[in-house]
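J.: What follows is a single structure, and I will ask about it in a moment.
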Amino acid sequence: MSTSVTEKRMVTPNFISEIIENDLRTGRYSKIVTRFPPEPNGFAHLGHAIASYIDFGLAHDYGGECRLRMDDTNPETEKLEYAEALIHDMRWLGWEWGETRYASNYFEELYQMARKLIQKGLAYVDSVPPEEMARLRGTVDKPGTPSPYRERSVEENLELFERMRAGEFPSGAHVLRAKIDLASPNMKLRDPVLYRIVHAEHYRTGRKWCIYPSYDFAQATTDALDGVTHSLCSLEFVDNRAIYDWLMDHLWGEPPLDKTPRPHQYEFGRRSLEYTVVSKRKLRKLVEGGYVSGWDDPRMPTLAGQRRRGVTPEAIRSFAGQVGISRTNRTVDIGVLEHAIRDDLNPRAPRVMAVTRPLKVTITNPPETHEETLHLPYWPYDVVNESTDGLVPLPSGKRVRPEEATRPVPFTRELYIEQDDFAIDPPKGFKRLSPGGTVRLRGAGIIRCDAYATDDTGQVSELRCTLLGPEAKAAGVIHWVSAKHGLRAEFRLYDRLFTVPHPESPFPGDSRVAELREFEEDTGTQEDHAFLSFVNPRSLEVVHGYVEPSVQHDPADTRYQFERVGYFWQDPVDSRPDALVFNRIVTLKDTWGKGIEGKPQDAKRQTPSAKRQKELPELTPEQRAKLDIFRSQGVGEADALVLVRNEKLAAYLSEAAQYGKVSALASWVVNDLGTDIREDRIRIAPAALARLVRLLEDGIINTRIAKDVLAQAQESGADPVEIVEAKGLRQVSEAGALEPILDRLIAENPDKVAAYRSGKTGLMGFFVGQVMRETQGQANPQLVQELVAKKLGQ
């Protein structure tokens with residue numbers, strides 16, 4: 001039996017590929033069949049992309065077949081809209097399969113299998129309420145107790161099951177349970193539910209059925225009916241494998257399964273991604289709460305969102321391929337995804353110029369009527385040199401010789417440049433424009449700034465410059481757009497949706513959790529709500545500027561590299577020829593360095609083990625020495641890794657450390673100011689940051705105040721400590737000042753007080769959040785928590 005892989009392997013060798021090769025070699029299977037079984041209760045996301053890559057990729061590698069099957073056994077949450085979107089997304093990713101399959105296609109067969117288990121004495125109809133059923137299952141230390149209905153006769157069970165199907169009972173009145181082992185250490189085997197009554201309309205079968213199989217029952221049986229050989233799932237289902245095998249032991253080999261191979265379940269580690277969530281429940285909260293504009297918002301991890309952002313399916317597949325397969329769960333550095341996107345866009349995105357925050361420039365020495373057309377290349381030399389056939393693409397897709405791949409760019413006396421490309425008082429090493437300084441305009445010559453004008457607010461509004469001769473020199477190069485011919489455009493600058501790497505598991509003890517959480521008494525848990533506290537308020541910035549006119553002749557779906565700005569494309573929903581809207585797909589630079597699968601992002605969260613240390617990227621001897629120094633100074637592992645790989649951040653921290661402790665400053669430099677420092681936008685002096693952090697250490701301000709002040713200082717350029725003093729933003733740490741507020745809140749919310757005292761201690765966050773709100777974030781959250789616990793008797 002051949003075990004050879006296809007010529008171009010998709011999935012790197014792993015423990016599952018070893019199992020497949022052994023199965024083929026020993027003749028266990030003649031053909032590999034996998035399946036991808038999403039539930040149509042939401043939109044596909046990046047987690048689905050990774051899982052589908054594994055399923056379709058392994059089938060491809062071994063000349064097998066992967067089947068798309070909707071796991072549509074819950075009519076209360078599933079919709080035709082979701083099923084169609086999932087199919088569309090899988091096609092978009094490039095996967096191919098035959099007929100789309102549905103668990104609902106097999107409802108009759110599954111019903112007959114359940115009857116067979118009843119006839120064998122291996123299943124029974126239980127009629128206890130769900131709460132009682134959960135109690136009777138016991139605990140990890142205590143075996144389960146038989147239900148009073150466990151010993152119903154086969155005849156009675158068959159009759160009840162048929163009446164359940166006939167719709168004689170209300171939802172939840174009965175369930176069908178497997179009769180396995182109530183003393184099993186695997187809680188999943190303590191008589192799991194196989195069928196339940198649900199009176200709801202199914203998007204495919206309508207009202208034909210009112211009983212529906214559970215996930216465990218449907219997965220094993222439909223895998224067998226579909227001829228699946230290797231049923232691949234994430235590690236969370238490892239305990240469910242026992243049910244899978246039990247069902248196959250008692251059903252496999254009997255009609256209608258006698259002509260199909262017996263499937264086996266294998267689990268691989270789940271891959272989470274930093275700065276995002278993929279729980280459908282949480283994604284729905286983002287949509288319904290108005291945190292994003294919809295399921296296709298470009299900040300969403302849904303494939304619809306990534307597609308609208310401009311990410312290509314090739315980039316998503318490349319990312320999924322880099323993630324790999326292992327036996328353990330891991331969190332993937334978001335830099336891996338961003339790197340895959342840049343790698344995909346670099347050879348396909350022609351270069352043009354756009355100015356997102358325009359500053360007008362008037363070149364005074366050419367005649368007022370001066371206007372010329374420059375022919376600038378779409379592609380830099382490195383991309384041209386990498387072309388295998390010597391040809392490069394135009395935006396239209398046509399491939400031409402490099403010298404022909406140019407676009408006309410009008411050059412006039414009045415131009416726009418980026419506001420950040422001019423500084424009245426430039427910092428050391430500034431290579432752009434300043435009073436009396438020179439800079440090269442991309443493809444158009446060197447200009448010198450002779451004068452500048454400001455508006456009523458003191459902001460620079462216009463530059464007066466001279467175009468110099470060919471002998472002139474300049475240290476830097478900037479992009480520009482003709483003020484006369486540039487096309488007005490809206491630019492949507494998308495960034496990470498959350499401010500912390502792991503929004504579903506916020507930092508233990510971090511005051512932000514207490515400050516920002518507010519729980520609804522009757523819904524969810526802390527984890528359901530806390531993640532919303534970390535939504536990034538700067539995840540979308542909308543600015544208006546200009547783009548060179550060549551883009552108006554290109555296909556609307558052209559992806560561009562706007563020189564020195566980022567990769568963009570026209571928003572497929574909102575952009576029109578007379579009102580251009582460009583989405584930023586990704587920034588130009590990988591500001592997080594090389595992606596590290598499983599890299600921790602905050603020392604408060606986790607300390608890498610020796611095993612994880614081996615997974616860190618290769619560092620030079622100099623970088624490793626610096627890493628050791630940072631560790632010895634109390635800097636967390638993750639922050640230290642970022643610092644040793646980014647000289648700008650390290651230099652900023654080094655200067656700030658002259659005025660404060662490195663261990664206290666590092667996280668602020670890396671996580672709060674990192675982007676602005678990397679992109680040379682920082683307006684907060686290192687000494688000023690150190691003074692602000694000292695206020696935090698001394699308890700004068702809290703974390704929330706510090707973050708708000710930093711944002712204001714970065715926006716205005718003012719000293720953060722001066723903002724604290726001017727606005728009186730000091731932490732309130734006197735119990736006497738906070739107790740009246742808390743007493744009033746307790747009197748106004750007797751229902752929440754009663755719920756808290758009855759054990760719903762998650763409502764601590766409600767009271768803390770209300771006090772923080774009324775004090776505008778200035779209360780000491782630790783003191784508030786202590787007061788709540790004291791006054792409510794916990």
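Naming works like this for the structure tokens: A, B, ... for the chains as they're shown, residue 1 at the start of each chain, ligands 1 onward in shown order.
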Do you know which residues are at most 7 Å from range 347-353 of chain A counting only C-alpha atoms, after dropping those on the same chain fewer than 3 positions away, and could you put them as a ChimeraX atom specification?

T.: /A:344,378-379,383,395,479-481,547-548,559-563

J.: When you look at range 630-632 of chain A with a cut-off of 10 Å (counting only C-alpha atoms), what residues show up, excluding the ones that are within fewer than 6 positions of it in the same chain? I need them as a ChimeraX atom specification.

T.: /A:624,639-641,643-644,662-663,666

J.: Could you turn the residues from that selection into a file that holds C-alpha atoms, as a PDB file, in the first residue's frame?

T.:
ATOM      1  CA  ARG A 624      20.908  37.135  24.257  1.00  0.00           C
ATOM      2  CA  ASP A 639       8.650  42.410  27.062  1.00  0.00           C
ATOM      3  CA  ALA A 640      12.382  41.667  27.152  1.00  0.00           C
ATOM      4  CA  LEU A 641      12.145  39.728  23.880  1.00  0.00           C
ATOM      5  CA  LEU A 643      12.996  45.089  23.487  1.00  0.00           C
ATOM      6  CA  VAL A 644      16.041  43.129  22.329  1.00  0.00           C
ATOM      7  CA  VAL A 662      13.394  49.619  34.266  1.00  0.00           C
ATOM      8  CA  SER A 663      11.046  46.956  35.621  1.00  0.00           C
ATOM      9  CA  ALA A 666       9.272  48.325  30.340  1.00  0.00           C
TER      10      ALA A 666
END

J.: Just want the 7 Å neighbourhood of Ile325 in chain A, counted on only C-alpha atoms, with same-chain residues fewer than 3 positions away dropped. Output as an NGL selection string.

T.: :A and (14 or 268-269)

J.: Given the selection you just returned, output its residues as a file containing N, CA and C atoms, formatted as a short mmCIF file (atom, residue, chain, number, x, y, z; two decimals), in the first residue's frame.

T.:
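And here's result30.cif as it stands now:
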data_model
loop_
_atom_site.label_atom_id
_atom_site.label_comp_id
_atom_site.auth_asym_id
_atom_site.auth_seq_id
_atom_site.Cartn_x
_atom_site.Cartn_y
_atom_site.Cartn_z
N ASN A 14 3.70 15.55 11.06
CA ASN A 14 3.27 15.68 12.43
C ASN A 14 2.77 14.33 12.92
N PHE A 268 -5.95 17.32 18.05
CA PHE A 268 -4.76 18.17 17.95
C PHE A 268 -4.98 19.43 18.78
N GLY A 269 -3.90 20.09 19.15
CA GLY A 269 -3.98 21.28 19.99
C GLY A 269 -4.67 22.44 19.29
#

J.: Range 257-314 of chain A: which residues are strand (DSSP E or B) by DSSP, as a list in words?

T.: His264, Gln265, Tyr266, Glu267, Phe268, Arg271, Ser272, Leu273 and Thr302 of chain A

J.: Next, write the just-selected residues to a file, as a tab-separated table (two decimals), in the first residue's frame, keeping C-alpha atoms as the atom set.

T.:
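Contents of the output file part_10.tsv:
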chain	number	residue	atom	x	y	z
A	264	HIS	CA	-11.33	6.98	14.51
A	265	GLN	CA	-11.05	10.30	16.30
A	266	TYR	CA	-7.73	12.11	16.74
A	267	GLU	CA	-7.22	15.37	18.61
A	268	PHE	CA	-4.76	18.17	17.95
A	271	ARG	CA	-4.58	27.44	18.11
A	272	SER	CA	-5.65	30.76	19.61
A	273	LEU	CA	-4.51	34.10	18.23
A	302	THR	CA	-14.18	36.27	10.73

J.: Tell me which protein, DNA and RNA residues are within 6 Å of range 149-160 of chain A, counting only C-alpha atoms, leaving out same-chain ones fewer than 4 positions away, and put them as a list in words.

T.: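 These residues fall inside the cut-off: Gln119, Tyr124, Val125 and Asp126 of chain A.
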
J.: Within 10 Å of His60 in chain A, counting only C-alpha atoms, which residues show up once you throw out same-chain ones fewer than 6 positions away? Write them as a PyMOL selection string, please.

T.: chain A and resi 5-6+8-11+32-34+53-54+66

J.: Excluding range 85-94 of chain A and residues on its chain fewer than 2 positions from it, collect all residues at most 6 Å away from it, counting only C-alpha atoms, and give them as a ChimeraX atom specification.

T.: /A:44,82-83,313

J.: Compare A:Leu627, A:Arg357, A:Ile334, A:Gly443 by their minimum atom-to-atom distance to Pro377 in chain A, counting only C-alpha atoms, and give me the closest one.

T.: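 Selected residue with least distance to Pro377 in chain A: A:Gly443.
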
J.: DSSP on the backbone: what in range 69-236 of chain A comes out alpha helix (DSSP H), as a PyMOL selection string?

T.: chain A and resi 80-93+107-119+130-136+154-166+215-225

J.: Would you mind exporting C-alpha atoms of the selected residues as a short mmCIF file (atom, residue, chain, number, x, y, z; two decimals), in the first residue's frame?

T.:
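Written out: selection07.cif:
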data_model
loop_
_atom_site.label_atom_id
_atom_site.label_comp_id
_atom_site.auth_asym_id
_atom_site.auth_seq_id
_atom_site.Cartn_x
_atom_site.Cartn_y
_atom_site.Cartn_z
CA LEU A 80 -29.45 29.08 6.36
CA GLU A 81 -27.55 32.38 6.22
CA TYR A 82 -24.74 30.90 8.30
CA ALA A 83 -24.58 27.67 6.30
CA GLU A 84 -24.36 29.57 3.01
CA ALA A 85 -21.71 31.90 4.45
CA LEU A 86 -19.63 28.93 5.64
CA ILE A 87 -19.79 27.31 2.22
CA HIS A 88 -18.84 30.59 0.56
CA ASP A 89 -15.91 31.09 2.94
CA MET A 90 -14.57 27.60 2.39
CA ARG A 91 -14.77 28.10 -1.39
CA TRP A 92 -13.03 31.44 -0.97
CA LEU A 93 -10.21 29.73 0.92
CA PHE A 107 -31.75 12.29 10.77
CA GLU A 108 -33.72 9.16 9.90
CA GLU A 109 -30.64 6.93 9.93
CA LEU A 110 -29.51 8.43 13.24
CA TYR A 111 -32.94 7.85 14.75
CA GLN A 112 -32.82 4.19 13.74
CA MET A 113 -29.35 3.82 15.28
CA ALA A 114 -30.64 5.27 18.53
CA ARG A 115 -33.50 2.74 18.48
CA LYS A 116 -30.93 -0.02 17.97
CA LEU A 117 -29.10 1.07 21.12
CA ILE A 118 -32.39 0.99 23.04
CA GLN A 119 -33.11 -2.52 21.73
CA PRO A 130 -31.59 18.93 33.85
CA GLU A 131 -30.48 20.18 37.27
CA GLU A 132 -31.23 16.81 38.86
CA MET A 133 -29.47 14.99 36.04
CA ALA A 134 -26.35 17.06 36.61
CA ARG A 135 -26.47 16.33 40.35
CA LEU A 136 -26.92 12.59 39.80
CA VAL A 154 -36.73 -1.80 26.38
CA GLU A 155 -40.40 -1.71 25.37
CA GLU A 156 -41.15 1.34 27.51
CA ASN A 157 -38.05 3.15 26.21
CA LEU A 158 -38.94 2.43 22.60
CA GLU A 159 -42.49 3.63 23.15
CA LEU A 160 -41.38 6.85 24.86
CA PHE A 161 -38.73 7.53 22.24
CA GLU A 162 -41.31 7.14 19.47
CA ARG A 163 -43.68 9.48 21.32
CA MET A 164 -40.83 11.97 21.71
CA ARG A 165 -40.41 11.92 17.94
CA ALA A 166 -44.17 12.28 17.45
CA TYR A 215 -23.01 16.53 19.23
CA ASP A 216 -21.41 13.33 20.53
CA PHE A 217 -24.00 11.06 18.96
CA ALA A 218 -24.16 12.91 15.63
CA GLN A 219 -20.42 13.27 15.09
CA ALA A 220 -19.53 9.60 15.41
CA THR A 221 -22.50 8.28 13.46
CA THR A 222 -22.38 10.79 10.60
CA ASP A 223 -18.62 10.26 10.30
CA ALA A 224 -19.33 6.56 9.82
CA LEU A 225 -22.13 7.23 7.32
#
